[in-house]
Amino acid sequence: MEDIKERNEKLRQLVAETTAKLKIPELENEIVLLQAESKALDFWKDNLKAQATMRRLANLENRVKPWNDIKKVIDEVDDWIELDDKSVLDDLNDQLTQAEKQASNLKEQLKFNGPYDDADVIMSIHAGAGGTDAQDWAQMLLRMYVRWAEKHKFEITIIEESAGEEAGLKSATFEVDGSYLYGLLKGEHGVHRLVRLSPYNADNLRQTSFAKVDVLPKINKPDAIVINEKDLKFDVFHSGGAGGQSVNTTDSAVRLTHLPTNIVITIQNERSQLQNKETAMVILRSRLAQLQLEQHKSDLAEIKGPVQSAEWGNQIRSYVLHPYKQVKDLRTKYETSDPDGVLDGDLDGFIDAYLDYTIS
């Protein structure tokens with residue numbers, strides 16, 4: 001019983017120290033505020049804002065609940081120790097062992113100490129050098145990230161897709177909601193290189209293709225990144241459609257240009273011009289936040305637009321399907337000989353290696 005008492009006290013200390021560093025008490029306060037907000041009579045009047053609030057609330061509750069579950073085990077063990085009932089010793093030991101394992105796993109969250117690591121993400125994939133093969137590669141990458149998100153039960157929403165001329169995608173933008181997603185996925189930001197026998201080449205020759213992946217922390221709150229309205233240019237135009245009855249005949253599509261950085265965002269998937277404007281502003285704030293991190297600038301006026309292109313010399317990871325099978329991250333040196341598994345969403349090895357690489 002004395003051993004269990006000592007372990008329980010060590011676990012209590014670990015939980016107290018870790019939850020303080022992770023600011024769990026602050027998250028619990030935010031949960032209370034969001035729960036109160038969600039009960040307001042006019043809460044669903046602004047449907048988009050309400051949905052974003054409910055997603056944030058669910059994410060916070062998922063983040064806080066495991067720690068509260070461990071605290072319940074600690075309190076329960078304390079209660080039984082007080083009763084000095086040796087008949088429950090084995091059961092107490094099992095409960096405590098499980099709680100210790102869970103706390104050890106949750107402690108990994110301390111790796112996410114960046115300013116936006118706990119944010120949801122907006123990701124964009126752009127086909128680079130390689131023609132039709134590059135556009136097909138962009139679609140393969142989209143499928144890879146969708147499968148990864150599904151395996152981890154994260155919510156994924158496609159914001160924008162631009163189809164390739166023959167196959168694949170010129171570009172795609174999508175949102176992933178969950179816990180510590182920017183912290184998990186920021187290492188995917190960069191150029192991804194594919195080497196394979198081309199299915200689009202009559203001679204079936206080996207082809208190298210490139211696609212660029214942008215990973216942005218989703219910035220919902222306007223006051224998080226303050227943007228001068230004079231720096232914005234909005235254009236509206238007809239949304240593209242499949243033709244016939246399904247074509248959109250209203251000026252609902254939006255093109256937003258941030259003049260200082262020349263960042264251009266085009267959104268036409270939402271139902272209204274207002275929704276498209278709101279989505280474009282969220283993406284703009286997210287891109288500016290990412291650029292601030294990359295360029296170590298605190299003043300938006302000093303930030304320049306991104307210049308990295310998706311071609312030779314810029315890749316962060318190579319996916320080789322021929323003449324051998326290998327996926328290798330060029331920063332961490334982590335590699336695997338199972339590209340099929342990686343392309344089916346098995347990315348955790350690369351994500352963990354990048355997290356260790358950035359804190360070593």
# chains A, B, ... in the order shown; residues from 1 in each chain; ligands from 1
>>> residues_around(residues="Lys328 (chain A)", least_positions_apart="4", cutoff="6 Å", atoms="only C-alpha atoms", output="number ranges by chain")
A: 317-318, 334-335
>>> residues_around(residues="Lys277 (chain A)", least_positions_apart="4", cutoff="8 Å", atoms="only C-alpha atoms", output="PyMOL selection string")
chain A and resi 254+256+267+273+281
>>> write_last_selection(atoms="C-alpha atoms", output="short mmCIF file (atom, residue, chain, number, x, y, z; two decimals), in the first residue's frame")
data_model
loop_
_atom_site.label_atom_id
_atom_site.label_comp_id
_atom_site.auth_asym_id
_atom_site.auth_seq_id
_atom_site.Cartn_x
_atom_site.Cartn_y
_atom_site.Cartn_z
CA VAL A 254 -14.27 36.31 -54.01
CA LEU A 256 -8.84 38.82 -51.91
CA ILE A 267 -12.70 31.32 -52.64
CA GLN A 273 -20.31 36.18 -51.11
CA MET A 281 -10.07 36.59 -44.30
#
>>> residues_around(residues="Leu274 (chain A)", least_positions_apart="2", cutoff="12 Å", atoms="only C-alpha atoms", output="list of chain:residue names")
A:Asp46, A:Leu48, A:Phe234, A:Val236, A:Asp251, A:Ser252, A:Ala253, A:Val254, A:Ile267, A:Gln268, A:Asn269, A:Glu270, A:Arg271, A:Ser272, A:Asn276, A:Lys277, A:Glu278, A:Thr279, A:Ala280, A:Met281
>>> select_by_dssp(residues="region 31-257 of chain A", states="strand (DSSP E or B)", output="PyMOL selection string")
chain A and resi 121-127+155-163+169-177+190-197+206-217+232-237+253-257
>>> write_last_selection(atoms="C-alpha atoms", output="PDB file, in the first residue's frame")
ATOM      1  CA  VAL A 121      -4.799  24.096 -39.514  1.00  0.00           C
ATOM      2  CA  ILE A 122      -5.547  25.275 -43.006  1.00  0.00           C
ATOM      3  CA  MET A 123      -3.522  23.339 -45.557  1.00  0.00           C
ATOM      4  CA  SER A 124      -2.997  24.033 -49.248  1.00  0.00           C
ATOM      5  CA  ILE A 125      -1.423  21.782 -51.864  1.00  0.00           C
ATOM      6  CA  HIS A 126      -0.121  23.256 -55.132  1.00  0.00           C
ATOM      7  CA  ALA A 127       1.110  21.220 -58.086  1.00  0.00           C
ATOM      8  CA  GLU A 155     -12.555  16.636 -38.807  1.00  0.00           C
ATOM      9  CA  ILE A 156     -11.506  17.630 -42.340  1.00  0.00           C
ATOM     10  CA  THR A 157     -13.290  20.115 -44.628  1.00  0.00           C
ATOM     11  CA  ILE A 158     -12.396  20.836 -48.251  1.00  0.00           C
ATOM     12  CA  ILE A 159     -12.451  24.593 -48.848  1.00  0.00           C
ATOM     13  CA  GLU A 160     -11.301  24.836 -52.451  1.00  0.00           C
ATOM     14  CA  GLU A 161     -10.244  22.518 -55.269  1.00  0.00           C
ATOM     15  CA  SER A 162      -8.951  23.359 -58.738  1.00  0.00           C
ATOM     16  CA  ALA A 163      -8.926  20.363 -61.102  1.00  0.00           C
ATOM     17  CA  LEU A 169      -5.389  18.843 -59.044  1.00  0.00           C
ATOM     18  CA  LYS A 170      -3.738  22.166 -59.739  1.00  0.00           C
ATOM     19  CA  SER A 171      -4.417  23.081 -56.110  1.00  0.00           C
ATOM     20  CA  ALA A 172      -6.558  22.262 -53.113  1.00  0.00           C
ATOM     21  CA  THR A 173      -7.199  24.001 -49.796  1.00  0.00           C
ATOM     22  CA  PHE A 174      -8.685  22.225 -46.787  1.00  0.00           C
ATOM     23  CA  GLU A 175      -9.142  22.663 -43.061  1.00  0.00           C
ATOM     24  CA  VAL A 176      -8.377  20.111 -40.341  1.00  0.00           C
ATOM     25  CA  ASP A 177      -9.854  20.540 -36.853  1.00  0.00           C
ATOM     26  CA  GLY A 190       7.384  22.605 -47.811  1.00  0.00           C
ATOM     27  CA  VAL A 191       8.040  20.930 -51.154  1.00  0.00           C
ATOM     28  CA  HIS A 192       7.343  17.197 -51.559  1.00  0.00           C
ATOM     29  CA  ARG A 193       9.092  15.269 -54.377  1.00  0.00           C
ATOM     30  CA  LEU A 194       7.794  12.135 -56.100  1.00  0.00           C
ATOM     31  CA  VAL A 195       9.861   9.749 -58.268  1.00  0.00           C
ATOM     32  CA  ARG A 196       7.963   7.024 -60.129  1.00  0.00           C
ATOM     33  CA  LEU A 197       7.240   5.443 -63.509  1.00  0.00           C
ATOM     34  CA  ARG A 206      10.667   7.549 -64.803  1.00  0.00           C
ATOM     35  CA  GLN A 207       9.279  10.965 -63.872  1.00  0.00           C
ATOM     36  CA  THR A 208      10.119  13.378 -61.045  1.00  0.00           C
ATOM     37  CA  SER A 209       7.264  15.594 -59.876  1.00  0.00           C
ATOM     38  CA  PHE A 210       6.904  18.269 -57.224  1.00  0.00           C
ATOM     39  CA  ALA A 211       4.085  19.707 -55.130  1.00  0.00           C
ATOM     40  CA  LYS A 212       4.172  22.381 -52.440  1.00  0.00           C
ATOM     41  CA  VAL A 213       2.301  21.940 -49.162  1.00  0.00           C
ATOM     42  CA  ASP A 214       1.429  25.019 -47.105  1.00  0.00           C
ATOM     43  CA  VAL A 215       0.485  24.433 -43.472  1.00  0.00           C
ATOM     44  CA  LEU A 216      -1.098  27.424 -41.740  1.00  0.00           C
ATOM     45  CA  PRO A 217      -2.337  27.854 -38.173  1.00  0.00           C
ATOM     46  CA  LEU A 232      -6.987  44.786 -48.851  1.00  0.00           C
ATOM     47  CA  LYS A 233      -8.460  44.569 -52.323  1.00  0.00           C
ATOM     48  CA  PHE A 234     -11.658  42.552 -52.859  1.00  0.00           C
ATOM     49  CA  ASP A 235     -12.868  41.420 -56.292  1.00  0.00           C
ATOM     50  CA  VAL A 236     -16.053  39.439 -56.924  1.00  0.00           C
ATOM     51  CA  PHE A 237     -16.833  37.275 -59.950  1.00  0.00           C
ATOM     52  CA  ALA A 253     -16.834  34.074 -55.706  1.00  0.00           C
ATOM     53  CA  VAL A 254     -14.266  36.306 -54.008  1.00  0.00           C
ATOM     54  CA  ARG A 255     -10.672  37.169 -54.803  1.00  0.00           C
ATOM     55  CA  LEU A 256      -8.840  38.821 -51.907  1.00  0.00           C
ATOM     56  CA  THR A 257      -5.458  40.485 -52.432  1.00  0.00           C
TER      57      THR A 257
END
>>> atom_distance(atom1="CA of Gln295 (chain A)", atom2="CA of Ala129 (chain A)")
25.3 Å
>>> closest_residue(among="A:Leu288, A:Val342, A:Leu14, A:Ala52", to="Gln102 (chain A)", atoms="only C-alpha atoms")
A:Leu14
